[in-house]
$ cat input.pdb   # PDB, C-alpha atoms and all ligand atoms
MODEL        1
ATOM      1  CA  MET A   1     108.217 102.065  87.819  1.00  0.00           C
ATOM      2  CA  SER A   2     108.676 102.467  91.546  1.00  0.00           C
ATOM      3  CA  THR A   3     107.371 105.401  93.537  1.00  0.00           C
ATOM      4  CA  ARG A   4     110.077 105.344  96.195  1.00  0.00           C
ATOM      5  CA  GLY A   5     110.870 108.623  97.883  1.00  0.00           C
ATOM      6  CA  PHE A   6     109.041 111.885  98.065  1.00  0.00           C
ATOM      7  CA  THR A   7     109.225 113.723  94.776  1.00  0.00           C
ATOM      8  CA  GLY A   8     107.163 116.770  95.641  1.00  0.00           C
ATOM      9  CA  ARG A   9     104.712 115.950  92.873  1.00  0.00           C
ATOM     10  CA  PRO A  10     101.096 115.171  93.788  1.00  0.00           C
ATOM     11  CA  PRO A  11     100.430 111.436  93.901  1.00  0.00           C
ATOM     12  CA  PRO A  12      98.996 109.804  90.791  1.00  0.00           C
ATOM     13  CA  GLU A  13      95.205 109.413  90.616  1.00  0.00           C
ATOM     14  CA  ALA A  14      95.339 105.696  91.476  1.00  0.00           C
ATOM     15  CA  THR A  15      97.246 106.454  94.671  1.00  0.00           C
ATOM     16  CA  ARG A  16      95.064 109.415  95.567  1.00  0.00           C
ATOM     17  CA  THR A  17      91.808 107.462  95.536  1.00  0.00           C
ATOM     18  CA  ARG A  18      93.317 104.915  97.925  1.00  0.00           C
ATOM     19  CA  LEU A  19      94.695 107.493 100.351  1.00  0.00           C
ATOM     20  CA  PRO A  20      92.346 108.639 103.121  1.00  0.00           C
ATOM     21  CA  PRO A  21      92.404 112.404 103.804  1.00  0.00           C
ATOM     22  CA  GLY A  22      95.625 113.730 105.339  1.00  0.00           C
ATOM     23  CA  GLN A  23      97.592 110.538 104.657  1.00  0.00           C
ATOM     24  CA  THR A  24     100.842 110.031 102.725  1.00  0.00           C
ATOM     25  CA  ARG A  25     101.951 106.772 101.184  1.00  0.00           C
ATOM     26  CA  THR A  26     105.013 105.041 102.605  1.00  0.00           C
ATOM     27  CA  GLU A  27     106.923 102.052 101.304  1.00  0.00           C
ATOM     28  CA  ASP A  28     108.391 101.370 104.751  1.00  0.00           C
ATOM     29  CA  PHE A  29     106.711  99.623 107.623  1.00  0.00           C
ATOM     30  CA  PRO A  30     107.277 101.961 110.612  1.00  0.00           C
ATOM     31  CA  VAL A  31     107.306 100.437 114.096  1.00  0.00           C
ATOM     32  CA  LEU A  32     105.239 102.329 116.684  1.00  0.00           C
ATOM     33  CA  GLN A  33     104.440 101.365 120.241  1.00  0.00           C
ATOM     34  CA  ILE A  34     104.218 102.697 123.806  1.00  0.00           C
ATOM     35  CA  GLY A  35     107.114 100.708 125.291  1.00  0.00           C
ATOM     36  CA  PRO A  36     109.657  97.971 124.708  1.00  0.00           C
ATOM     37  CA  ASN A  37     108.749  94.704 123.022  1.00  0.00           C
ATOM     38  CA  PRO A  38     107.309  92.272 125.548  1.00  0.00           C
ATOM     39  CA  ARG A  39     108.924  88.869 125.932  1.00  0.00           C
ATOM     40  CA  ILE A  40     106.622  86.158 124.629  1.00  0.00           C
ATOM     41  CA  ASP A  41     107.223  82.432 124.775  1.00  0.00           C
ATOM     42  CA  LEU A  42     105.077  80.250 122.503  1.00  0.00           C
ATOM     43  CA  GLU A  43     105.071  77.531 125.183  1.00  0.00           C
ATOM     44  CA  THR A  44     103.156  79.803 127.555  1.00  0.00           C
ATOM     45  CA  TRP A  45     101.419  82.052 125.001  1.00  0.00           C
ATOM     46  CA  CYS A  46      97.718  82.065 125.587  1.00  0.00           C
ATOM     47  CA  PHE A  47      94.871  83.918 123.938  1.00  0.00           C
ATOM     48  CA  THR A  48      91.674  84.436 125.938  1.00  0.00           C
ATOM     49  CA  LEU A  49      88.176  85.622 125.085  1.00  0.00           C
ATOM     50  CA  ARG A  50      86.482  87.194 128.100  1.00  0.00           C
ATOM     51  CA  ALA A  51      83.096  88.642 128.930  1.00  0.00           C
ATOM     52  CA  GLY A  52      84.040  91.285 131.485  1.00  0.00           C
ATOM     53  CA  SER A  53      86.392  89.385 133.798  1.00  0.00           C
ATOM     54  CA  ARG A  54      84.821  85.988 133.042  1.00  0.00           C
ATOM     55  CA  PRO A  55      86.921  83.820 130.675  1.00  0.00           C
ATOM     56  CA  LEU A  56      84.880  82.310 127.834  1.00  0.00           C
ATOM     57  CA  LYS A  57      87.650  80.378 126.117  1.00  0.00           C
ATOM     58  CA  SER A  58      91.432  80.232 125.945  1.00  0.00           C
ATOM     59  CA  TRP A  59      93.702  78.849 123.265  1.00  0.00           C
ATOM     60  CA  SER A  60      97.278  77.697 123.621  1.00  0.00           C
ATOM     61  CA  TRP A  61      99.559  78.314 120.639  1.00  0.00           C
ATOM     62  CA  THR A  62      99.124  74.688 119.532  1.00  0.00           C
ATOM     63  CA  ALA A  63      95.328  74.967 119.716  1.00  0.00           C
ATOM     64  CA  PHE A  64      95.408  78.327 117.957  1.00  0.00           C
ATOM     65  CA  GLU A  65      97.452  76.887 115.109  1.00  0.00           C
ATOM     66  CA  ARG A  66      94.735  74.311 114.430  1.00  0.00           C
ATOM     67  CA  LEU A  67      92.060  76.962 113.783  1.00  0.00           C
ATOM     68  CA  PRO A  68      90.926  77.756 110.215  1.00  0.00           C
ATOM     69  CA  ARG A  69      93.190  80.254 108.428  1.00  0.00           C
ATOM     70  CA  THR A  70      92.175  83.511 106.757  1.00  0.00           C
ATOM     71  CA  ARG A  71      94.094  85.739 104.352  1.00  0.00           C
ATOM     72  CA  TRP A  72      93.659  89.436 103.691  1.00  0.00           C
ATOM     73  CA  ALA A  73      95.530  91.861 101.470  1.00  0.00           C
ATOM     74  CA  GLY A  74      95.049  95.605 101.358  1.00  0.00           C
ATOM     75  CA  ASP A  75      95.986  99.010 102.703  1.00  0.00           C
ATOM     76  CA  ILE A  76      96.662 100.081 106.294  1.00  0.00           C
ATOM     77  CA  HIS A  77      96.494 103.626 107.652  1.00  0.00           C
ATOM     78  CA  CYS A  78      98.272 104.998 110.723  1.00  0.00           C
ATOM     79  CA  VAL A  79      97.042 108.075 112.568  1.00  0.00           C
ATOM     80  CA  THR A  80     100.591 109.477 112.298  1.00  0.00           C
ATOM     81  CA  GLN A  81      99.683 109.972 108.627  1.00  0.00           C
ATOM     82  CA  TRP A  82     101.369 107.113 106.835  1.00  0.00           C
ATOM     83  CA  SER A  83      99.490 104.596 104.750  1.00  0.00           C
ATOM     84  CA  LYS A  84     100.964 101.412 103.402  1.00  0.00           C
ATOM     85  CA  PHE A  85      99.424  99.771 100.362  1.00  0.00           C
ATOM     86  CA  ASP A  86      99.000  96.106  99.493  1.00  0.00           C
ATOM     87  CA  THR A  87      99.989  94.601 102.821  1.00  0.00           C
ATOM     88  CA  ARG A  88      99.442  90.834 103.020  1.00  0.00           C
ATOM     89  CA  TRP A  89      98.320  89.127 106.205  1.00  0.00           C
ATOM     90  CA  GLU A  90      97.303  85.696 107.385  1.00  0.00           C
ATOM     91  CA  GLY A  91      95.753  84.566 110.629  1.00  0.00           C
ATOM     92  CA  VAL A  92      92.507  83.539 112.265  1.00  0.00           C
ATOM     93  CA  SER A  93      89.370  85.593 111.724  1.00  0.00           C
ATOM     94  CA  VAL A  94      87.507  86.745 114.812  1.00  0.00           C
ATOM     95  CA  ASP A  95      84.447  84.988 113.306  1.00  0.00           C
ATOM     96  CA  ASP A  96      86.322  81.673 113.406  1.00  0.00           C
ATOM     97  CA  LEU A  97      87.461  82.324 116.975  1.00  0.00           C
ATOM     98  CA  LEU A  98      83.891  82.877 118.098  1.00  0.00           C
ATOM     99  CA  ALA A  99      82.712  79.802 116.223  1.00  0.00           C
ATOM    100  CA  ASP A 100      85.422  77.675 117.835  1.00  0.00           C
ATOM    101  CA  ALA A 101      84.505  79.048 121.259  1.00  0.00           C
ATOM    102  CA  GLY A 102      80.842  78.309 120.508  1.00  0.00           C
ATOM    103  CA  VAL A 103      79.774  81.712 121.760  1.00  0.00           C
ATOM    104  CA  GLU A 104      77.881  84.650 120.366  1.00  0.00           C
ATOM    105  CA  ALA A 105      79.054  88.137 121.239  1.00  0.00           C
ATOM    106  CA  PRO A 106      77.473  88.874 124.647  1.00  0.00           C
ATOM    107  CA  THR A 107      77.888  92.663 124.263  1.00  0.00           C
ATOM    108  CA  ALA A 108      78.406  95.120 121.397  1.00  0.00           C
ATOM    109  CA  TYR A 109      81.867  96.331 122.475  1.00  0.00           C
ATOM    110  CA  ALA A 110      85.288  94.843 122.886  1.00  0.00           C
ATOM    111  CA  LEU A 111      88.655  95.808 124.305  1.00  0.00           C
ATOM    112  CA  ALA A 112      91.722  94.260 122.746  1.00  0.00           C
ATOM    113  CA  GLU A 113      94.552  93.694 125.196  1.00  0.00           C
ATOM    114  CA  GLY A 114      98.243  93.225 124.434  1.00  0.00           C
ATOM    115  CA  TYR A 115     101.004  91.485 126.390  1.00  0.00           C
ATOM    116  CA  ASP A 116     102.443  94.954 127.026  1.00  0.00           C
ATOM    117  CA  ASP A 117      99.141  95.904 128.718  1.00  0.00           C
ATOM    118  CA  TYR A 118      98.210  98.140 125.787  1.00  0.00           C
ATOM    119  CA  THR A 119      94.469  98.253 125.235  1.00  0.00           C
ATOM    120  CA  THR A 120      92.234  99.579 122.490  1.00  0.00           C
ATOM    121  CA  ASN A 121      88.470  99.505 122.052  1.00  0.00           C
ATOM    122  CA  VAL A 122      86.616  98.365 118.949  1.00  0.00           C
ATOM    123  CA  PRO A 123      82.862  97.843 118.473  1.00  0.00           C
ATOM    124  CA  PHE A 124      82.360  94.130 118.111  1.00  0.00           C
ATOM    125  CA  ALA A 125      80.588  94.544 114.770  1.00  0.00           C
ATOM    126  CA  ASP A 126      83.883  95.874 113.402  1.00  0.00           C
ATOM    127  CA  LEU A 127      85.674  92.687 114.402  1.00  0.00           C
ATOM    128  CA  THR A 128      83.248  90.251 112.781  1.00  0.00           C
ATOM    129  CA  GLY A 129      81.878  89.692 109.276  1.00  0.00           C
ATOM    130  CA  GLY A 130      85.398  89.065 107.982  1.00  0.00           C
ATOM    131  CA  ARG A 131      86.580  92.552 108.959  1.00  0.00           C
ATOM    132  CA  ALA A 132      89.255  91.594 111.489  1.00  0.00           C
ATOM    133  CA  MET A 133      91.669  88.811 112.280  1.00  0.00           C
ATOM    134  CA  VAL A 134      94.268  87.769 114.774  1.00  0.00           C
ATOM    135  CA  ALA A 135      97.208  87.891 112.406  1.00  0.00           C
ATOM    136  CA  THR A 136     100.155  85.525 112.776  1.00  0.00           C
ATOM    137  CA  HIS A 137     101.805  86.067 109.382  1.00  0.00           C
ATOM    138  CA  TYR A 138     102.823  89.125 107.396  1.00  0.00           C
ATOM    139  CA  ASP A 139     103.960  88.951 103.791  1.00  0.00           C
ATOM    140  CA  GLY A 140     104.172  85.155 103.909  1.00  0.00           C
ATOM    141  CA  ALA A 141     106.371  84.927 107.011  1.00  0.00           C
ATOM    142  CA  PRO A 142     105.622  84.614 110.736  1.00  0.00           C
ATOM    143  CA  LEU A 143     104.886  88.060 112.138  1.00  0.00           C
ATOM    144  CA  SER A 144     108.019  89.652 113.614  1.00  0.00           C
ATOM    145  CA  LEU A 145     108.084  90.650 117.274  1.00  0.00           C
ATOM    146  CA  ASP A 146     108.462  94.303 116.239  1.00  0.00           C
ATOM    147  CA  HIS A 147     105.159  94.180 114.381  1.00  0.00           C
ATOM    148  CA  GLY A 148     103.313  92.362 117.144  1.00  0.00           C
ATOM    149  CA  GLY A 149     104.211  88.712 116.707  1.00  0.00           C
ATOM    150  CA  PRO A 150     103.428  86.010 117.416  1.00  0.00           C
ATOM    151  CA  ALA A 151      99.863  87.338 117.001  1.00  0.00           C
ATOM    152  CA  ARG A 152      98.303  90.771 116.664  1.00  0.00           C
ATOM    153  CA  LEU A 153      94.866  92.091 116.006  1.00  0.00           C
ATOM    154  CA  LEU A 154      94.332  93.402 112.476  1.00  0.00           C
ATOM    155  CA  VAL A 155      91.405  95.773 111.906  1.00  0.00           C
ATOM    156  CA  PRO A 156      92.515  97.352 108.649  1.00  0.00           C
ATOM    157  CA  HIS A 157      89.461  99.559 108.086  1.00  0.00           C
ATOM    158  CA  LEU A 158      90.283 101.561 111.244  1.00  0.00           C
ATOM    159  CA  TYR A 159      93.462 103.531 112.053  1.00  0.00           C
ATOM    160  CA  PHE A 160      96.297 101.172 112.866  1.00  0.00           C
ATOM    161  CA  TRP A 161      96.416 101.965 116.592  1.00  0.00           C
ATOM    162  CA  LYS A 162      93.289  99.752 116.812  1.00  0.00           C
ATOM    163  CA  SER A 163      95.358  96.786 115.615  1.00  0.00           C
ATOM    164  CA  ALA A 164      96.772  95.754 118.986  1.00  0.00           C
ATOM    165  CA  LYS A 165     100.141  94.032 118.788  1.00  0.00           C
ATOM    166  CA  TRP A 166     101.168  91.027 120.946  1.00  0.00           C
ATOM    167  CA  LEU A 167      97.514  90.225 121.429  1.00  0.00           C
ATOM    168  CA  LYS A 168      96.664  88.484 124.684  1.00  0.00           C
ATOM    169  CA  GLY A 169      92.927  88.616 124.528  1.00  0.00           C
ATOM    170  CA  LEU A 170      89.660  90.215 123.588  1.00  0.00           C
ATOM    171  CA  ARG A 171      87.289  91.293 126.295  1.00  0.00           C
ATOM    172  CA  PHE A 172      83.614  92.008 125.745  1.00  0.00           C
ATOM    173  CA  THR A 173      82.572  95.123 127.632  1.00  0.00           C
ATOM    174  CA  GLN A 174      79.098  96.417 128.521  1.00  0.00           C
ATOM    175  CA  LYS A 175      79.950  99.936 127.387  1.00  0.00           C
ATOM    176  CA  ASP A 176      82.361 101.334 124.835  1.00  0.00           C
ATOM    177  CA  GLU A 177      85.385 101.668 127.166  1.00  0.00           C
ATOM    178  CA  GLY A 178      88.292 103.712 125.849  1.00  0.00           C
ATOM    179  CA  GLY A 179      91.668 101.989 125.635  1.00  0.00           C
ATOM    180  CA  PHE A 180      95.191 103.387 126.084  1.00  0.00           C
ATOM    181  CA  TRP A 181      95.159 106.022 123.323  1.00  0.00           C
ATOM    182  CA  GLU A 182      91.426 106.665 123.457  1.00  0.00           C
ATOM    183  CA  MET A 183      91.858 107.763 127.093  1.00  0.00           C
ATOM    184  CA  ARG A 184      94.603 110.137 125.904  1.00  0.00           C
ATOM    185  CA  GLY A 185      92.697 112.036 123.255  1.00  0.00           C
ATOM    186  CA  TYR A 186      92.434 109.636 120.341  1.00  0.00           C
ATOM    187  CA  HIS A 187      89.066 109.056 118.724  1.00  0.00           C
ATOM    188  CA  MET A 188      86.850 106.290 120.146  1.00  0.00           C
ATOM    189  CA  TYR A 189      86.197 104.813 116.672  1.00  0.00           C
ATOM    190  CA  GLY A 190      89.031 105.906 114.360  1.00  0.00           C
ATOM    191  CA  ASP A 191      87.724 105.731 110.792  1.00  0.00           C
ATOM    192  CA  PRO A 192      90.537 106.957 108.489  1.00  0.00           C
ATOM    193  CA  TRP A 193      88.078 107.897 105.717  1.00  0.00           C
ATOM    194  CA  ARG A 194      86.255 110.267 108.088  1.00  0.00           C
ATOM    195  CA  GLU A 195      89.595 111.378 109.525  1.00  0.00           C
ATOM    196  CA  GLN A 196      88.600 110.465 113.079  1.00  0.00           C
ATOM    197  CA  ARG A 197      92.022 111.012 114.631  1.00  0.00           C
ATOM    198  CA  PHE A 198      91.184 112.738 117.877  1.00  0.00           C
ATOM    199  CA  THR A 199      88.274 113.108 120.297  1.00  0.00           C
ATOM    200  CA  GLY A 200      85.710 115.332 118.631  1.00  0.00           C
ATOM    201  CA  ASP A 201      86.897 114.763 115.033  1.00  0.00           C
TER     202      ASP A 201
HETATM  203  N1  LIG B   1     100.274  96.032 122.108  1.00  0.00           N
HETATM  204  C1  LIG B   1     100.420  97.186 121.437  1.00  0.00           C
HETATM  205  N2  LIG B   1      99.793  97.307 120.259  1.00  0.00           N
HETATM  206  C2  LIG B   1      99.893  98.446 119.556  1.00  0.00           C
HETATM  207  C3  LIG B   1     100.631  99.545 120.038  1.00  0.00           C
HETATM  208  C4  LIG B   1     101.287  99.394 121.312  1.00  0.00           C
HETATM  209  O1  LIG B   1     101.954 100.315 121.822  1.00  0.00           O
HETATM  210  N3  LIG B   1     101.158  98.199 121.964  1.00  0.00           N
HETATM  211  N4  LIG B   1     100.689 100.705 119.300  1.00  0.00           N
HETATM  212  C5  LIG B   1      99.635 100.913 118.297  1.00  0.00           C
HETATM  213  C6  LIG B   1      99.946 101.978 117.386  1.00  0.00           C
HETATM  214  S1  LIG B   1      99.768 103.561 117.976  1.00  0.00           S
HETATM  215  C7  LIG B   1     100.241 101.731 116.067  1.00  0.00           C
HETATM  216  S2  LIG B   1     100.395 103.004 114.961  1.00  0.00           S
HETATM  217  C8  LIG B   1     100.463 100.364 115.562  1.00  0.00           C
HETATM  218  C9  LIG B   1     101.821 100.250 114.933  1.00  0.00           C
HETATM  219  O2  LIG B   1     102.022  98.952 114.449  1.00  0.00           O
HETATM  220  P1  LIG B   1     103.399  98.613 113.752  1.00  0.00           P
HETATM  221  O3  LIG B   1     104.490  98.873 114.756  1.00  0.00           O
HETATM  222  O4  LIG B   1     103.326  97.171 113.327  1.00  0.00           O
HETATM  223  O5  LIG B   1     103.510  99.532 112.559  1.00  0.00           O
HETATM  224  O6  LIG B   1     100.371  99.420 116.585  1.00  0.00           O
HETATM  225  C10 LIG B   1      99.338  99.652 117.511  1.00  0.00           C
HETATM  226  N5  LIG B   1      99.247  98.503 118.365  1.00  0.00           N
HETATM  227 MO    MO B   2      99.911 104.968 116.111  1.00  0.00          MO
ENDMDL
END

$ encode --input "input.pdb" --output "structure tokens"
Amino acid sequence: MSTRGFTGRPPPEATRTRLPPGQTRTEDFPVLQIGPNPRIDLETWCFTLRAGSRPLKSWSWTAFERLPRTRWAGDIHCVTQWSKFDTRWEGVSVDDLLADAGVEAPTAYALAEGYDDYTTNVPFADLTGGRAMVATHYDGAPLSLDHGGPARLLVPHLYFWKSAKWLKGLRFTQKDEGGFWEMRGYHMYGDPWREQRFTGD
């Protein structure tokens, strides 16, 4: 049986235990972003790890494609109150990126940066230990431009604004520096289970 559409009935127990507080399940995959889609050419696409302004390592698309692959399936939660269950992703784990770069995290914080100049901060511990990837595939197909292709950050245990689309790089920062939404009132961490939507939550 499908659960399409809002019926006005409370969600079944199985759905309820998977829904963080204040969230509603959606079957769609809404597209949310601050501006138009950037133009990205795989020939010039480049992903860079930086410590402050110092580049640690860059990968071209060809080099990136040779990295070990990781799969993850599970639920994602947007601060605008939709959750989507059983999403399937594939990409390169941040652990494998660090290993390939031959570096250890020089600081405890990171800023993810998109090709549209969007930024969002995530503690580095939340990006490692298999908890985050640079996703290139969704549901078995290359990630669409609308959803952040060719590569986006995926940090599914935090609200989805932390999953920066059109990822250009990760920058280690000395302090926990707020990104685009964090500077505009969103929570610095963004745990959906603790309903950390806004500053002070
Ligand atoms: N580069 C970039 N990444 C971004 C955004 C953005 O504006 N630019 N918006 C964020 C927000 S607020 C959300 S809710 C999700 C939406 O991802 P989706 O469009 O794939 O659902 O992307 C996040 N990542
Ligand atoms: Mo969002």

$ resolve_selection --input "input.pdb" --expression "the PyMOL selection byres (((not hetatm)) within 8 of (chain B and resi 1))" --output "PyMOL selection string"
chain A and resi 29-35+78-80+113-119+146-148+152+159-167+181

$ closest_residue --input "input.pdb" --among "A:Arg171, A:Arg66, A:Arg194, A:His77" --to "ligand MO 2 (chain B)" --atoms "only C-alpha atoms and all ligand atoms"
A:His77

$ resolve_selection --input "input.pdb" --expression "the PyMOL selection byres (((chain A and resi 173) around 9) and not hetatm)" --output "PyMOL selection string"
chain A and resi 50-52+106-111+171-172+174-177

$ write_last_selection --input "input.pdb" --atoms "C-alpha atoms" --output "PDB file, in the coordinates of the input"
ATOM      1  CA  ARG A  50      86.482  87.194 128.100  1.00  0.00           C
ATOM      2  CA  ALA A  51      83.096  88.642 128.930  1.00  0.00           C
ATOM      3  CA  GLY A  52      84.040  91.285 131.485  1.00  0.00           C
ATOM      4  CA  PRO A 106      77.473  88.874 124.647  1.00  0.00           C
ATOM      5  CA  THR A 107      77.888  92.663 124.263  1.00  0.00           C
ATOM      6  CA  ALA A 108      78.406  95.120 121.397  1.00  0.00           C
ATOM      7  CA  TYR A 109      81.867  96.331 122.475  1.00  0.00           C
ATOM      8  CA  ALA A 110      85.288  94.843 122.886  1.00  0.00           C
ATOM      9  CA  LEU A 111      88.655  95.808 124.305  1.00  0.00           C
ATOM     10  CA  ARG A 171      87.289  91.293 126.295  1.00  0.00           C
ATOM     11  CA  PHE A 172      83.614  92.008 125.745  1.00  0.00           C
ATOM     12  CA  GLN A 174      79.098  96.417 128.521  1.00  0.00           C
ATOM     13  CA  LYS A 175      79.950  99.936 127.387  1.00  0.00           C
ATOM     14  CA  ASP A 176      82.361 101.334 124.835  1.00  0.00           C
ATOM     15  CA  GLU A 177      85.385 101.668 127.166  1.00  0.00           C
TER      16      GLU A 177
END

$ atom_distance --input "input.pdb" --atom1 "atom CA of A:Gln196" --atom2 "atom CA of A:Thr26"
20.2 Å

$ closest_residue --input "input.pdb" --among "A:Gly185, A:Asp96, A:Asn37, A:Arg54" --to "A:Pro68" --atoms "only C-alpha atoms"
A:Asp96

$ resolve_selection --input "input.pdb" --expression "the PyMOL selection byres (((chain A and resi 48) around 7) and not hetatm)" --output "short mmCIF file (atom, residue, chain, number, x, y, z; two decimals) with C-alpha atoms, keeping the file's coordinate frame"
data_model
loop_
_atom_site.label_atom_id
_atom_site.label_comp_id
_atom_site.auth_asym_id
_atom_site.auth_seq_id
_atom_site.Cartn_x
_atom_site.Cartn_y
_atom_site.Cartn_z
CA CYS A 46 97.72 82.06 125.59
CA PHE A 47 94.87 83.92 123.94
CA LEU A 49 88.18 85.62 125.08
CA ARG A 50 86.48 87.19 128.10
CA PRO A 55 86.92 83.82 130.68
CA LYS A 57 87.65 80.38 126.12
CA SER A 58 91.43 80.23 125.94
CA TRP A 59 93.70 78.85 123.26
CA LYS A 168 96.66 88.48 124.68
CA GLY A 169 92.93 88.62 124.53
CA LEU A 170 89.66 90.22 123.59
#

$ residues_near_point --input "input.pdb" --point "(84.2, 102.2, 116.3)" --cutoff "8 Å" --atoms "only C-alpha atoms" --output "PyMOL selection string"
chain A and resi 121-123+126+158+188-191

$ closest_residue --input "input.pdb" --among "A:Asp139, A:Glu182, A:Glu65, A:Asp28" --to "ligand MO 2 (chain B)" --atoms "only C-alpha atoms and all ligand atoms"
A:Glu182

$ closest_residue --input "input.pdb" --among "A:Thr62, A:Ser83, A:Pro21, A:Val134" --to "ligand MO 2 (chain B)" --atoms "all atoms listed in the file"
A:Ser83

$ closest_residue --input "input.pdb" --among "A:Thr120, A:Pro142, A:Gly179, A:Pro20" --to "A:Trp193" --atoms "only C-alpha atoms"
A:Pro20

$ atom_distance --input "input.pdb" --atom1 "atom CA of A:His137" --atom2 "atom CA of A:Glu90"
4.9 Å

$ atom_distance --input "input.pdb" --atom1 "atom CA of A:Ala63" --atom2 "atom CA of A:Asp100"
10.4 Å

$ closest_residue --input "input.pdb" --among "A:Leu19, A:Ser53, A:Trp82, A:Arg25" --to "ligand MO 2 (chain B)" --atoms "only C-alpha atoms and all ligand atoms"
A:Trp82

$ residues_around --input "input.pdb" --residues "A:Arg18" --least-positions-apart "6" --cutoff "12 Å" --atoms "all atoms listed in the file" --output "PyMOL selection string"
chain A and resi 11-12+24-25+74-77+83-86+192-193

$ residues_around --input "input.pdb" --residues "A:Ala135" --least-positions-apart "3" --cutoff "8 Å" --atoms "all atoms listed in the file" --output "list in words"
Trp89, Glu90, Gly91, Val92, Tyr138, Leu143, Ala151, Arg152, Leu153 and Leu154 of chain A

$ axis_aligned_box --input "input.pdb" --around "stretch 169-183 of chain A" --padding-each-side "3 Å" --output "JSON"
{"center_x": 87.1, "center_y": 98.2, "center_z": 125.9, "size_x": 22.1, "size_y": 25.1, "size_z": 11.2}

$ residues_around --input "input.pdb" --residues "A:Tyr186" --least-positions-apart "6" --cutoff "7 Å" --atoms "only C-alpha atoms" --output "list in words"
Arg197, Phe198 and Thr199 of chain A
